[in-house]
>>> print(open('protein.txt').read())   # compact mmCIF, C-alpha atoms
# COMPACT_ATOMS: atom_id res chain seq x y z
CA LEU L 155 -0.34 -8.85 30.35
CA LEU L 156 -3.20 -7.79 32.62
CA ALA L 157 -0.93 -8.05 35.63
CA ILE L 158 1.74 -5.94 34.00
CA LEU L 159 -0.66 -3.25 32.81
CA SER L 160 -2.26 -3.01 36.23
CA GLY L 161 1.10 -2.35 37.84
CA GLY L 162 2.59 -5.81 38.40
CA SER L 163 5.93 -6.63 39.93
CA ARG L 164 9.31 -5.45 38.65
CA ASP L 165 10.00 -8.99 37.43
CA GLU L 166 7.07 -8.55 35.05
CA ALA L 167 8.25 -5.16 33.79
CA ILE L 168 7.69 -4.61 30.09
CA ASP L 169 10.22 -3.33 27.58
CA MET L 170 10.26 -2.45 23.88
CA ALA L 171 11.44 -5.94 22.94
CA SER L 172 8.20 -7.39 24.31
CA VAL L 173 6.16 -4.73 22.50
CA PHE L 174 7.84 -5.47 19.17
CA LYS L 175 7.37 -9.19 19.73
CA SER L 176 3.62 -8.72 20.20
CA PHE L 177 3.46 -6.40 17.18
CA ASP L 178 5.40 -8.75 14.90
CA GLU L 179 3.25 -11.70 15.97
CA GLY L 180 0.09 -9.82 15.02
CA LEU L 181 -1.06 -9.33 18.62
CA HIS L 182 -2.00 -5.75 17.91
CA THR L 183 -4.33 -5.13 20.85
CA GLU L 184 -1.61 -6.30 23.21
CA ALA L 185 1.08 -4.30 21.40
CA ARG L 186 -1.02 -1.14 21.59
CA ALA L 187 -1.67 -1.58 25.32
CA LEU L 188 2.00 -2.19 26.05
CA ALA L 189 3.11 0.78 23.92
CA GLU L 190 0.62 3.08 25.62
CA LYS L 191 1.85 1.86 28.99
CA LEU L 192 5.48 2.60 28.15
CA GLU L 193 4.52 5.96 26.65
CA GLU L 194 2.73 6.88 29.88
CA GLU L 195 5.59 5.73 32.13
CA GLY L 196 8.31 7.55 30.19
CA SER L 197 10.96 5.27 31.68
CA LEU L 198 12.60 3.95 28.51
CA PRO L 199 16.29 4.58 27.79
CA SER L 200 16.91 7.48 25.42
CA ASP L 201 17.66 5.27 22.41
CA GLU L 202 14.18 3.72 22.69
CA TRP L 203 12.12 6.87 23.22
CA GLY L 204 10.64 6.66 19.73
CA GLY L 205 9.56 3.03 20.11
CA PRO L 206 6.05 3.42 21.57
CA ALA L 207 5.11 6.18 19.10
CA PHE L 208 6.39 4.04 16.22
CA ILE L 209 4.16 1.14 17.30
CA LEU L 210 1.12 3.39 17.73
CA GLY L 211 1.78 5.00 14.34
CA ALA L 212 2.21 1.67 12.56
CA LEU L 213 -1.04 0.40 14.07
CA ALA L 214 -2.80 3.64 13.10
CA MET L 215 -1.61 3.11 9.50
CA GLN L 216 -3.26 -0.31 9.42
CA GLU L 217 -6.48 1.18 10.76
CA ALA L 218 -6.36 3.92 8.12
CA GLN L 219 -6.00 1.36 5.33
CA ASP L 220 -9.11 -0.45 6.59
CA ALA L 221 -11.15 2.73 7.20
CA SER L 222 -13.96 4.01 4.98
CA GLU L 223 -13.01 6.41 2.19
CA LYS L 224 -14.56 9.26 4.18
CA GLU L 225 -12.33 8.59 7.19
CA LYS L 226 -9.08 7.58 5.50
CA THR L 227 -7.47 11.03 5.25
CA GLU L 228 -7.95 11.87 8.93
CA ARG L 229 -6.79 8.41 9.98
CA TYR L 230 -3.61 8.77 7.93
CA LEU L 231 -2.97 12.16 9.52
CA THR L 232 -3.42 10.60 12.96
CA ALA L 233 -0.82 7.99 12.02
CA SER L 234 1.51 10.69 10.73
CA ARG L 235 1.41 12.49 14.09
CA TYR L 236 2.52 9.37 15.95
CA LEU L 237 5.18 8.62 13.36
CA ARG L 238 6.44 12.22 13.35
CA ALA L 239 6.81 11.99 17.13
CA ALA L 240 8.76 8.75 16.70
CA TYR L 241 10.96 10.41 14.06
CA ASN L 242 11.67 13.40 16.30
CA ARG L 243 12.58 11.14 19.24
CA GLY L 244 14.49 8.73 17.03
CA PHE L 245 13.12 5.63 15.34
CA PRO L 246 14.33 2.38 16.87
CA PRO L 247 17.46 1.54 14.80
CA GLN L 248 16.02 -1.73 13.47
CA ARG L 249 12.82 0.08 12.40
CA LYS L 250 14.25 3.26 10.89
CA ALA L 251 13.70 2.27 7.25
CA GLU L 252 10.14 1.14 7.97
CA GLY L 253 9.49 4.25 10.04
CA LEU L 254 10.58 6.62 7.27
CA TYR L 255 8.50 4.69 4.74
CA LEU L 256 5.38 4.78 6.93
CA LEU L 257 5.82 8.46 7.84
CA GLY L 258 6.24 9.49 4.21
CA LYS L 259 3.30 7.33 3.14
CA SER L 260 1.03 8.67 5.91
CA LEU L 261 1.83 12.29 4.99
CA TYR L 262 1.29 11.59 1.28
CA LEU L 263 -2.02 9.78 1.74
CA GLY L 264 -3.06 12.39 4.29
CA GLY L 265 -2.67 15.10 1.64
CA ARG L 266 0.38 16.80 3.20
CA LEU L 267 2.17 17.00 -0.13
CA SER L 268 4.90 19.52 0.70
CA GLU L 269 5.66 17.77 3.99
CA CYS L 270 5.84 14.31 2.51
CA ARG L 271 8.49 15.01 -0.14
CA PRO L 272 11.58 15.41 2.09
CA VAL L 273 10.55 12.40 4.17
CA LEU L 274 9.99 10.28 1.07
CA GLN L 275 13.42 11.30 -0.19
CA LEU L 276 14.91 9.89 3.02
CA ALA L 277 12.74 6.79 2.68
CA LEU L 278 14.12 6.23 -0.83
CA LYS L 279 17.65 5.86 0.51
CA ALA L 280 16.57 3.57 3.34
CA ASN L 281 14.24 1.32 1.31
CA PRO L 282 15.91 0.17 -1.93
CA SER L 283 13.23 -2.47 -2.47
CA LYS L 284 10.46 0.17 -2.55
CA GLN L 285 11.99 2.58 -5.10
CA GLY L 286 9.22 2.32 -7.68
CA GLU L 287 6.40 2.82 -5.20
CA ILE L 288 8.05 5.79 -3.48
CA HIS L 289 9.00 7.49 -6.75
CA GLY L 290 5.36 7.12 -7.80
CA TRP L 291 4.23 9.01 -4.69
CA LEU L 292 6.88 11.68 -5.24
CA ALA L 293 5.77 12.14 -8.85
CA ASP L 294 2.11 12.47 -7.86
CA ALA L 295 2.93 14.89 -5.03
CA ALA L 296 4.97 17.09 -7.38
CA MET L 297 2.17 17.06 -9.95
CA ARG L 298 -0.44 18.08 -7.34
CA GLU L 299 1.57 20.89 -5.78
CA VAL L 300 0.48 24.49 -6.36
CA PRO L 301 1.97 25.39 -8.75
CA PRO L 302 2.73 21.90 -10.04
CA ALA L 303 6.40 20.89 -10.35
CA LEU L 304 5.95 19.02 -13.61
CA ASP L 305 9.64 18.63 -14.48
CA GLN L 306 10.23 17.05 -11.08
CA ALA L 307 7.14 14.88 -11.47
CA LEU L 308 8.43 13.60 -14.82
CA ALA L 309 11.87 12.87 -13.34
CA ASP L 310 10.33 10.87 -10.49
CA ASN L 311 8.08 9.01 -12.92
CA THR L 312 11.12 8.15 -15.04
CA ALA L 313 12.81 6.75 -11.93
CA ARG L 314 9.65 4.81 -11.12
CA LEU L 315 9.62 3.19 -14.54
CA ALA L 316 13.30 2.31 -14.18
CA ASP L 317 12.40 -0.08 -11.36
CA THR L 318 12.68 -3.50 -13.00
CA SER L 319 10.80 -5.17 -10.13
CA LEU L 320 7.48 -3.48 -11.00
CA SER L 321 4.64 -5.85 -11.77
CA ARG L 322 2.85 -5.49 -15.12
CA ASP L 323 -0.06 -3.67 -13.49
CA ASP L 324 2.24 -1.35 -11.54
CA ARG L 325 4.19 -0.55 -14.71
CA ASN L 326 0.95 0.27 -16.52
CA GLU L 327 -0.09 2.53 -13.65
CA ALA L 328 3.28 4.27 -13.95
CA LEU L 329 2.77 4.70 -17.71
CA LEU L 330 -0.66 6.22 -17.12
CA GLN L 331 0.91 8.60 -14.61
CA ARG L 332 3.48 9.56 -17.24
CA VAL L 333 0.73 10.33 -19.75
CA ARG L 334 -1.01 12.62 -17.24
CA ILE L 335 2.21 14.50 -16.60
CA LEU L 336 3.08 14.85 -20.29
CA PHE L 337 -0.48 15.98 -21.04
CA ARG L 338 -0.22 18.80 -18.52
CA MET L 339 3.12 19.76 -20.07
CA GLY L 340 1.47 19.97 -23.49
CA ARG L 341 3.63 17.17 -24.94
CA LEU L 342 0.75 15.50 -26.76
CA THR L 343 2.72 13.45 -29.29
CA GLU L 344 4.63 11.80 -26.45
CA CYS L 345 1.35 11.10 -24.64
CA ALA L 346 0.04 9.13 -27.59
CA ALA L 347 3.31 7.20 -27.91
CA VAL L 348 3.13 6.10 -24.27
CA LEU L 349 -0.51 5.04 -24.62
CA ASP L 350 0.42 2.92 -27.63
CA LYS L 351 2.44 0.74 -25.27
CA MET L 352 -0.72 0.02 -23.30
CA LYS L 353 -3.32 -0.62 -25.98
CA ASP L 354 -3.51 -4.35 -25.24
CA GLN L 355 -4.05 -3.92 -21.49
CA VAL L 356 -7.74 -4.77 -21.02
CA ARG L 357 -7.99 -3.79 -17.34
CA MET L 358 -7.08 -0.18 -18.08
CA ALA L 359 -8.79 0.11 -21.46
CA GLY L 360 -11.41 2.54 -20.15
CA GLU L 361 -8.91 5.01 -18.74
CA VAL L 362 -6.71 4.70 -21.82
CA ALA L 363 -9.72 5.53 -24.01
CA ILE L 364 -10.55 8.59 -21.89
CA LEU L 365 -6.99 9.86 -22.09
CA ARG L 366 -6.94 9.36 -25.86
CA GLY L 367 -10.12 11.39 -26.10
CA ARG L 368 -8.62 14.21 -24.04
CA ILE L 369 -5.52 14.22 -26.24
CA LEU L 370 -7.62 14.46 -29.41
CA CYS L 371 -9.62 17.36 -27.96
CA ARG L 372 -6.46 19.21 -26.96
CA GLU L 373 -4.90 18.63 -30.40
CA ALA L 374 -8.05 20.03 -32.01
CA GLN L 375 -7.87 23.11 -29.77
CA VAL L 376 -4.23 23.67 -30.69
CA LEU L 377 -4.97 23.27 -34.40
CA ALA L 378 -7.90 25.67 -34.21
CA ALA L 379 -5.76 28.26 -32.44
CA GLN L 380 -3.11 27.98 -35.15
CA LYS L 381 -5.66 28.52 -37.93
CA LYS L 382 -7.29 31.51 -36.24
CA PRO L 383 -6.21 34.74 -38.00
CA PRO L 384 -4.50 37.43 -35.89
CA ALA L 385 -6.68 40.25 -34.59
CA ASP L 386 -4.93 42.88 -36.71
CA ALA L 387 -5.49 40.78 -39.85
CA LYS L 388 -9.26 40.81 -39.17
CA GLN L 389 -9.26 44.61 -38.96
CA LYS L 390 -7.63 44.91 -42.40
>>> encode(input="protein.txt", output="structure tokens")
Amino acid sequence: LLAILSGGSRDEAIDMASVFKSFDEGLHTEARALAEKLEEEGSLPSDEWGGPAFILGALAMQEAQDASEKEKTERYLTASRYLRAAYNRGFPPQRKAEGLYLLGKSLYLGGRLSECRPVLQLALKANPSKQGEIHGWLADAAMREVPPALDQALADNTARLADTSLSRDDRNEALLQRVRILFRMGRLTECAAVLDKMKDQVRMAGEVAILRGRILCREAQVLAAQKKPPADAKQK
């Protein structure tokens, strides 16, 4: 490796296959060095142009996941820039599904909500085994948009819950997400019905209790508004 990086012979020339081999074997320092070398040389065939940026983006994603909470957002945005470059140049064919998934995830976790949605839609088609997770991100992104797209958020949450491969904890997270969406839509009776499905889940008991309290407060506000006499009735 040192010989190659320092400009070794043509027989020692590196290619994307060797970079992916290092990456897949967990030799991340080596994979990064090789990818940076190929990126600098710019000598890859056109169908591999996106390879080095994909590797650098995938490694940046791992670093972002391990970063402190304060640094995570910026690290995810750094990863998204590499992965966007790989997307624009063309993901390596055998890494296209993974590339779309990582790009959409990096944009979502980096707070680029409007940018992440079209990429995540592409990732849905390319990653059938990750439907529930991706629909969860789409639902959250729609709910956090300004103004929020609550109907779309609910549709994505419904699709998330339709994923039969979800673990019990993931399904409960999806149900909590549904309650938050329904609450913002003012559909309080439905909120309570969804929470009833979770009452025996100890790990989430605190959040369930908080949501129940918020629902009761909102119901009281609605009831008070209904009992309040009209302004013209007061004047009479």
>>> residues_near_point(input="protein.txt", point="(6.5, 11.3, -11.6)", cutoff="7 Å", atoms="all atoms listed in the file", output="list in words")
His289, Gly290, Leu292, Ala293, Asp294, Gln306, Ala307, Leu308, Ala309, Asp310, Asn311, Thr312, Gln331 and Arg332 of chain L
>>> closest_residue(input="protein.txt", among="L:Ser222, L:Thr343, L:Ser234, L:Gln375", to="L:Tyr262", atoms="all atoms listed in the file")
L:Ser234
>>> atom_distance(input="protein.txt", atom1="atom CA of L:Ala359", atom2="atom CA of L:Phe337")
17.9 Å
>>> atom_distance(input="protein.txt", atom1="atom CA of L:Asn281", atom2="atom CA of L:Leu231")
21.9 Å
>>> closest_residue(input="protein.txt", among="L:Ala374, L:Ala295, L:Ile288, L:Val348", to="L:Arg266", atoms="only C-alpha atoms")
L:Ala295
>>> atom_distance(input="protein.txt", atom1="atom CA of L:Leu342", atom2="atom CA of L:Arg372")
8.1 Å
>>> closest_residue(input="protein.txt", among="L:Ala296, L:Ser260, L:Pro246, L:Leu365", to="L:Thr227", atoms="all atoms listed in the file")
L:Ser260
>>> residues_around(input="protein.txt", residues="L:Ser319", least_positions_apart="4", cutoff="12 Å", atoms="all atoms listed in the file", output="ChimeraX atom specification")
/L:282-287,314-315,323-325
>>> closest_residue(input="protein.txt", among="L:Gly180, L:Gly205, L:Pro272, L:Gly367", to="L:Lys250", atoms="all atoms listed in the file")
L:Gly205
>>> closest_residue(input="protein.txt", among="L:Met297, L:Ala233, L:Ala303, L:Cys345", to="L:Gln219", atoms="all atoms listed in the file")
L:Ala233
>>> residues_around(input="protein.txt", residues="L:Trp203", least_positions_apart="6", cutoff="8 Å", atoms="all atoms listed in the file", output="JSON, numbers by chain")
{"L": [196, 240, 243, 244]}
>>> write_last_selection(input="protein.txt", atoms="C-alpha atoms", output="short mmCIF file (atom, residue, chain, number, x, y, z; two decimals), in the coordinates of the input")
data_model
loop_
_atom_site.label_atom_id
_atom_site.label_comp_id
_atom_site.auth_asym_id
_atom_site.auth_seq_id
_atom_site.Cartn_x
_atom_site.Cartn_y
_atom_site.Cartn_z
CA GLY L 196 8.31 7.55 30.19
CA ALA L 240 8.76 8.75 16.70
CA ARG L 243 12.58 11.14 19.24
CA GLY L 244 14.49 8.73 17.03
#
>>> closest_residue(input="protein.txt", among="L:His182, L:Arg238, L:Lys381, L:Lys191", to="L:Glu217", atoms="all atoms listed in the file")
L:His182
>>> residues_near_point(input="protein.txt", point="(8.0, 15.0, 0.7)", cutoff="10 Å", atoms="only C-alpha atoms", output="PyMOL selection string")
chain L and resi 257-259+261-262+266-277+291-292+295-296
>>> write_last_selection(input="protein.txt", atoms="C-alpha atoms", output="PDB file, in the coordinates of the input")
ATOM      1  CA  LEU L 257       5.820   8.460   7.840  1.00  0.00           C
ATOM      2  CA  GLY L 258       6.240   9.490   4.210  1.00  0.00           C
ATOM      3  CA  LYS L 259       3.300   7.330   3.140  1.00  0.00           C
ATOM      4  CA  LEU L 261       1.830  12.290   4.990  1.00  0.00           C
ATOM      5  CA  TYR L 262       1.290  11.590   1.280  1.00  0.00           C
ATOM      6  CA  ARG L 266       0.380  16.800   3.200  1.00  0.00           C
ATOM      7  CA  LEU L 267       2.170  17.000  -0.130  1.00  0.00           C
ATOM      8  CA  SER L 268       4.900  19.520   0.700  1.00  0.00           C
ATOM      9  CA  GLU L 269       5.660  17.770   3.990  1.00  0.00           C
ATOM     10  CA  CYS L 270       5.840  14.310   2.510  1.00  0.00           C
ATOM     11  CA  ARG L 271       8.490  15.010  -0.140  1.00  0.00           C
ATOM     12  CA  PRO L 272      11.580  15.410   2.090  1.00  0.00           C
ATOM     13  CA  VAL L 273      10.550  12.400   4.170  1.00  0.00           C
ATOM     14  CA  LEU L 274       9.990  10.280   1.070  1.00  0.00           C
ATOM     15  CA  GLN L 275      13.420  11.300  -0.190  1.00  0.00           C
ATOM     16  CA  LEU L 276      14.910   9.890   3.020  1.00  0.00           C
ATOM     17  CA  ALA L 277      12.740   6.790   2.680  1.00  0.00           C
ATOM     18  CA  TRP L 291       4.230   9.010  -4.690  1.00  0.00           C
ATOM     19  CA  LEU L 292       6.880  11.680  -5.240  1.00  0.00           C
ATOM     20  CA  ALA L 295       2.930  14.890  -5.030  1.00  0.00           C
ATOM     21  CA  ALA L 296       4.970  17.090  -7.380  1.00  0.00           C
TER      22      ALA L 296
END
